[in-house]
Every structure is written in structure tokens, then in C-alpha cells.
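Worksheet for the structure shown next.
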Amino acid sequence: MNNAWVKHAISEIEADFQRSADTHLIRLNLPTFPGIYLYLKDESTHPTGSLKHRLARSLFLYGLCNGWIKEDTTIIEASSGSTAVSEAYFARLLNLPFIAVMPSCTARKKVEQIEFYGGRCHFVDSASQIYAASEQLAKELNGHYMDQFTNAERATDWRGNNNIADSIFRQMEREPHPIPAYIVMSAGTGGTSATLGRYIRYQGHPTHLMVVDPENSVFMDSYLQKDRTITGTCGSKIEGIGRPRAEPSFIPEAIDSMMRVPDAASIATIHWLQKILGRKVGASTGTNMWGALTLARQMRDRGEQGAIVTLLCDSGERYLDTYYDADWVKKNIGDLSQYTQQLEAM
């Protein structure tokens with residue numbers, strides 16, 4: 001193994017990290033929730049535009065230090081888009097070939113971004129096929145399958161080291177309620193919820209971690225039934241979150257509760273949130289925010305005050321031809337009016 005190249009590669013990734021500022025924590029102005037403060041951790045400001053930038057960096061460092069990534073290794077990843085965009089960025093940084101294995105229905109904008117960073121896309125018909133196809137490509141090309149769905153929870157230092165949980169609690173220090181009552185997160189790999197849950201317990205915080213799950217995802221079923229063998233028949237319509245199987249990185253014991261969020265509620269929420277933020281966000285942010293607003297309403301009904309933090313996972317500019325296209329939404333998601341009315345009444 002060329003240790004000099006590995007040292008150089010790690011140095012390049014660390015230098016890139018030093019050039020990147022932390023992401024913003026946005027406090028929303030919601031007068032109908034007096035004494036309850038809602039925050040969005042804006043992960044769309046990473047160089048590759050999403051929360052997955054953190055994961056991709058960790059996965060590359062994990063692979064390099066384990067000896068799995070070498071100077072000429074082809075990197076392969078199974079992804080619905082955002083992780084692949086971020087991994088393509090780091091592969092280009094290290095001058096390594098990159099292939100993303102993804103469902104053919106993935107948003108075109110994500111495909112274009114992967115190709116912009118020099119990666120190429122290998123399409124399969126359904127989300128359930130991405131795992132085997134990635135393993136086969138890695139075998140054929142003598143490459144490295146990053147396997148975010150297995151390695152996400154172990155590649156990140158959950159004790160601190162400027163991970164997303166550490167960043168949230170540091171940024172909350174001067175807020176009216178420095179320790180959030182709730183943190184709300186959706187699951188794609190399950191790695192971020194595992195990091196948040198472990199960090200909260202390690203630091204001894206009383207914060208409650210709730211994971212929100214979209215339709216056609218088995219994470220909540222697996223959590224409630226304590227059964228990791230449950231599988232689904234189709235993929236989630238909320239890109240980046242929800243899975244047809246309980247991924248190895250999903251650690252149900254690290255979270256406190258779960259909530260199912262209808263797809264129409266997620267999409268109605270991103271349009272509602274656009275009016276408040278003045279910009280578009282991705283559908284997974286809608287899932288997160290619906291969960292956070294539900295908790296805020298429950299706190300208000302109980303006469304409680306406190307802080308709720310959730311994540312803005314990526315920009316809505318990636319989804320102009322899907323979640324922000326009225327005809328596409330009507331055909332693929334359905335009528336949003338029920339949830340739009342609930343949001344306007346909050």
C-alpha cells in the first residue's frame with residue numbers, strides 16, 4: 001500500500017474541511033408558538049449542497065484509514081442522489097473514478113451534479129436493486145463499494161469532533177433555551193440519527209430525539225416491532241430518506257420515538273416553509289419540519305416552552321421538476337390541501 005499517497009489524500013480532505021465554514025442555525029419567526037423556538041440547521045450550505053457532505057467526508061476518511069481506498073481505486077456507491085453528489089466531489093478531489101448506483105427515477109438535477117464532479121451514474125429499476133448492483137460493480141472493477149447504509153453509523157465520531165450534534169449544541173449556547181427539548185431527524189441511512197442519539201446520551205442532555213419516517217419506509221415498522229428483517233415492496237417518494245429495508249446503520253435503540261409523516265404533508269410543508277424562508281428546500285426537510293411543528297403544537301397545548309431543532313437537508317433547487325412542479329405533485333403525491341390547511345391554521 002502506498003502510505004505516502006494515503007497521507008496525501010487524507011491531507012487533501014482535511015484541507016478541504018478547513019476551507020469550509022460551519023453551517024448556519026436558522027431561528028424561525030413563528031408568532032403562533034409563543035415561548036417555543038424552532039430552529040433549522042441549514043446543511044444546504046455545504047460545498048456539495050446537502051447534509052451528505054459530512055457523511056461523504058467521513059466515509060472517505062474511513063475507507064482510506066482502513067486501507068480500502070488506494071491511489072487507483074474506483075469508488076462505487078449505492079445512493080438516491082445526495083450522498084453520491086458529495087462522494088463524487090471528494091473522488092474528484094483525490095482524482096479517483098466514481099460510479100453512483102441509483103434508481104432511474106432519481107432527480108435529474110442530482111444526476112447532473114454527479115456528472116459535473118466527474119462521476120458517472122449506473123441506473124437500476126428500483127431502490128431495492130442498488131445494493132447488489134453496487135457489490136457486483138465493485139467486484140468487476142476491483143473497486144471499493146462505500147456502502148453508506150452499513151458504514152454511516154460507524155464512520156462518524158459520535159462523541160464530538162465537530163460532528164453535526166456537537167455543532168448544534170455549540171450554536172445553541174446563547175439561545176433562550178440552550179438545550180433543545182427535541183431534535184427531529186429523518187432517516188436515510190440512519191447514520192445521522194445514530195450520531196445525534198449517541199451524542200445526546202454521551203453528553204447527558206435531556207433532549208428527546210424523534211425520528212420522522214415517510215410513507216413506504218420500513219424504519220418505523222422495524223422500530224415498533226423490534227424486527228430488522230421487515231422489508232417493503234417499493235421505495236420512498238421523499239428522496240434521500242425512507243428505505244425498503246432497515247439499514248444496518250439504523251440504530252433504533254439510539255432514538256427516543258418515531259413519527260410517520262404522510263408524503264403529502266412533507267410536500268405541503270416545503271411550500272409553506274418557502275413563504276417563511278424565502279427560498280426552496282428539499283422534501284426531506286418538509287418531513288423534518290412537519291414533525292417539528294407537530295411537537296411544537298403539542299408543547300403549546302400543554303403550556304410548555306422550549307426549543308426544537310431540526311435539519312434543512314438540501315436545497316429545493318434540485319427538485320424543480322418534481323416537488324415544485326404542480327403537475328408532478330398531483331400525479332405522484334396527490335392532493336395537498338388537507339395539510340396546507342393544517343399548516344395555515346397553526
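Every chain in the C-alpha cells takes a letter, A first, then B, and so on in the order presented; its residues are numbered from 1, and the ligands are numbered from 1 following the presented order.
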Mind checking which residues fall within 8 Å of range 126-133 of chain A, counting only C-alpha atoms, ignoring those fewer than 3 positions away in the same chain, and posting them as a compact mmCIF listing (two decimals) with N, CA, C and O atoms, in the first residue's frame?
```txt
# COMPACT_ATOMS: atom_id res chain seq x y z
N ALA A 78 -24.05 3.11 -3.58
CA ALA A 78 -25.49 2.99 -3.77
C ALA A 78 -26.13 4.21 -3.13
O ALA A 78 -25.92 4.48 -1.95
N SER A 79 -26.90 4.97 -3.91
CA SER A 79 -27.40 6.25 -3.40
C SER A 79 -28.60 6.72 -4.19
O SER A 79 -28.70 6.49 -5.39
N SER A 80 -29.50 7.42 -3.50
CA SER A 80 -30.62 8.06 -4.19
C SER A 80 -30.23 9.43 -4.71
O SER A 80 -31.05 10.14 -5.28
N VAL A 101 -24.62 4.20 -8.12
CA VAL A 101 -25.68 3.27 -8.48
C VAL A 101 -26.97 3.79 -7.87
O VAL A 101 -27.07 3.94 -6.65
N MET A 102 -27.96 4.10 -8.71
CA MET A 102 -29.15 4.78 -8.21
C MET A 102 -30.39 4.38 -9.01
O MET A 102 -30.28 3.94 -10.15
N PRO A 103 -31.57 4.54 -8.40
CA PRO A 103 -32.82 4.28 -9.13
C PRO A 103 -32.96 5.23 -10.32
O PRO A 103 -32.52 6.39 -10.26
N SER A 104 -33.57 4.75 -11.37
CA SER A 104 -33.71 5.55 -12.59
C SER A 104 -34.60 6.78 -12.38
O SER A 104 -34.56 7.71 -13.19
N GLN A 136 -21.73 -5.92 -7.24
CA GLN A 136 -21.28 -6.53 -8.49
C GLN A 136 -20.29 -5.65 -9.23
O GLN A 136 -19.27 -6.12 -9.74
N LEU A 137 -20.57 -4.35 -9.29
CA LEU A 137 -19.66 -3.41 -9.96
C LEU A 137 -18.31 -3.37 -9.24
O LEU A 137 -17.25 -3.36 -9.90
N CYS A 234 -41.76 -1.16 -2.19
CA CYS A 234 -41.42 -0.03 -3.07
C CYS A 234 -40.63 1.01 -2.29
O CYS A 234 -40.54 0.95 -1.07
N GLY A 235 -40.03 1.94 -3.00
CA GLY A 235 -39.20 2.96 -2.38
C GLY A 235 -39.99 4.18 -1.96
O GLY A 235 -41.12 4.40 -2.39
N PRO A 244 -36.62 0.70 1.90
CA PRO A 244 -37.43 -0.52 1.83
C PRO A 244 -36.90 -1.63 2.73
O PRO A 244 -37.44 -2.72 2.74
```
DSSP on the backbone: what in range 233-320 of chain A comes out strand (DSSP E or B), as a list in words?
Arg245, Ser257, Met258, Met259, Arg260, Val261, Val281, Gly306, Ala307, Ile308, Val309, Thr310, Leu311, Leu312, Asp314 and Ser315 of chain A
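Every protein or nucleic acid residue with an atom no more than 6 Å from range 16-32 of chain A, counting only C-alpha atoms and leaving out same-chain residues fewer than 4 positions away, appears here: A:Leu38, A:Tyr39, A:Leu40, A:Lys41, A:Asp42, A:Glu43.
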Print the selection's residues with N, CA, C and O atoms to a file, as a compact mmCIF listing (two decimals), in the first residue's frame.
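For reference, again-v2.txt as written:
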```
# COMPACT_ATOMS: atom_id res chain seq x y z
N LEU A 38 -38.23 27.35 17.21
CA LEU A 38 -37.90 26.32 16.22
C LEU A 38 -36.68 26.74 15.41
O LEU A 38 -36.59 27.91 14.96
N TYR A 39 -35.76 25.80 15.22
CA TYR A 39 -34.51 26.07 14.52
C TYR A 39 -34.31 25.07 13.39
O TYR A 39 -34.65 23.89 13.52
N LEU A 40 -33.71 25.56 12.30
CA LEU A 40 -33.31 24.71 11.18
C LEU A 40 -31.79 24.76 11.05
O LEU A 40 -31.21 25.84 10.87
N LYS A 41 -31.14 23.62 11.14
CA LYS A 41 -29.70 23.52 10.87
C LYS A 41 -29.54 23.39 9.36
O LYS A 41 -29.90 22.37 8.76
N ASP A 42 -29.03 24.44 8.72
CA ASP A 42 -29.04 24.55 7.26
C ASP A 42 -27.85 23.84 6.62
O ASP A 42 -26.80 24.44 6.38
N GLU A 43 -28.04 22.56 6.31
CA GLU A 43 -26.97 21.76 5.71
C GLU A 43 -26.82 21.98 4.21
O GLU A 43 -25.91 21.45 3.59
```
Would you compute the distance between CA of Gln298 in chain A and CA of Ser266 in chain A? Give it in Å to one decimal.
18.5 Å
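Closest approach to Pro252 in chain A among A:Thr207, A:Thr310, A:Gln225, A:Ser236 is made by A:Gln225 (distances from only C-alpha atoms).
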With a cut-off of 12 Å, could you pull out the residues of range 125-220 of chain A touching range 83-86 of chain A and give me the nearest pair of atoms for each, distance in Å to one decimal, using only C-alpha atoms, ordered by chain and ascending number, as JSON lines?
```
{"residue": "A:Tyr145", "atom": "CA", "partner": "A:Ala84", "partner_atom": "CA", "distance": 11.9}
{"residue": "A:Met146", "atom": "CA", "partner": "A:Ala84", "partner_atom": "CA", "distance": 10.2}
{"residue": "A:Asp147", "atom": "CA", "partner": "A:Thr83", "partner_atom": "CA", "distance": 10.7}
{"residue": "A:Gln148", "atom": "CA", "partner": "A:Thr83", "partner_atom": "CA", "distance": 8.2}
{"residue": "A:Phe149", "atom": "CA", "partner": "A:Thr83", "partner_atom": "CA", "distance": 10.6}
{"residue": "A:Ala152", "atom": "CA", "partner": "A:Thr83", "partner_atom": "CA", "distance": 10.8}
{"residue": "A:Gly188", "atom": "CA", "partner": "A:Thr83", "partner_atom": "CA", "distance": 10.2}
{"residue": "A:Thr189", "atom": "CA", "partner": "A:Thr83", "partner_atom": "CA", "distance": 10.2}
```
Mind dumping the selected residues with N, CA, C and O atoms as a short mmCIF file (atom, residue, chain, number, x, y, z; two decimals), in the first residue's frame?
```cif
data_model
loop_
_atom_site.label_atom_id
_atom_site.label_comp_id
_atom_site.auth_asym_id
_atom_site.auth_seq_id
_atom_site.Cartn_x
_atom_site.Cartn_y
_atom_site.Cartn_z
N TYR A 145 -16.75 -0.51 -2.74
CA TYR A 145 -18.15 -0.14 -2.50
C TYR A 145 -18.22 0.55 -1.15
O TYR A 145 -18.01 -0.07 -0.12
N MET A 146 -18.51 1.84 -1.14
CA MET A 146 -18.51 2.63 0.09
C MET A 146 -19.57 2.14 1.10
O MET A 146 -19.35 2.18 2.30
N ASP A 147 -20.71 1.69 0.61
CA ASP A 147 -21.78 1.11 1.42
C ASP A 147 -22.18 2.03 2.58
O ASP A 147 -22.06 1.71 3.75
N GLN A 148 -22.70 3.19 2.21
CA GLN A 148 -23.13 4.17 3.21
C GLN A 148 -24.17 3.59 4.17
O GLN A 148 -24.21 3.97 5.35
N PHE A 149 -24.98 2.66 3.70
CA PHE A 149 -26.07 2.15 4.52
C PHE A 149 -25.57 1.26 5.66
O PHE A 149 -26.27 1.06 6.64
N ALA A 152 -22.35 4.27 7.63
CA ALA A 152 -22.65 5.64 8.08
C ALA A 152 -22.56 5.79 9.59
O ALA A 152 -22.02 6.77 10.10
N GLY A 188 -32.22 8.20 6.42
CA GLY A 188 -31.95 7.63 5.10
C GLY A 188 -31.09 6.40 5.28
O GLY A 188 -31.49 5.28 5.02
N THR A 189 -29.87 6.63 5.78
CA THR A 189 -29.05 5.50 6.22
C THR A 189 -29.34 5.18 7.68
O THR A 189 -29.21 4.04 8.11
#
```
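Shell of His271 in chain A at 10 Å, with only C-alpha atoms counted and residues fewer than 6 places along the chain excluded, is A:Arg279, A:Lys280, A:Val281, A:Gly282, A:Ala283, A:Gly286, A:Gly316, A:Tyr323, A:Tyr324, A:Thr340.
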Next, the residues of the selection above should be written as a compact mmCIF listing (two decimals), in the first residue's frame with N, CA and C atoms.
```txt
# COMPACT_ATOMS: atom_id res chain seq x y z
N ARG A 279 -37.02 30.88 0.28
CA ARG A 279 -36.30 30.00 -0.65
C ARG A 279 -36.83 28.57 -0.54
N LYS A 280 -36.47 27.78 -1.53
CA LYS A 280 -36.97 26.42 -1.61
C LYS A 280 -36.06 25.45 -0.87
N VAL A 281 -36.69 24.42 -0.29
CA VAL A 281 -35.95 23.36 0.39
C VAL A 281 -36.41 22.02 -0.15
N GLY A 282 -35.62 20.97 0.09
CA GLY A 282 -35.96 19.64 -0.38
C GLY A 282 -37.07 19.00 0.44
N ALA A 283 -37.61 17.90 -0.09
CA ALA A 283 -38.77 17.26 0.53
C ALA A 283 -38.46 16.65 1.89
N GLY A 286 -39.15 18.98 4.49
CA GLY A 286 -40.57 19.05 4.78
C GLY A 286 -41.01 17.99 5.77
N GLY A 316 -34.15 23.12 -2.41
CA GLY A 316 -35.22 22.71 -3.30
C GLY A 316 -34.91 22.91 -4.76
N TYR A 323 -40.95 18.06 -6.94
CA TYR A 323 -41.73 18.56 -5.81
C TYR A 323 -42.23 19.99 -6.00
N TYR A 324 -41.61 20.73 -6.90
CA TYR A 324 -42.04 22.10 -7.17
C TYR A 324 -42.76 22.22 -8.51
N THR A 340 -52.06 21.58 3.78
CA THR A 340 -51.87 23.02 3.62
C THR A 340 -52.77 23.79 4.58
```
Could you check the closest approach to Gly118 in chain A for each of A:Pro206, A:Pro180, A:Pro97, A:Gly240 and tell me which residue wins, using only C-alpha atoms?
A:Pro97
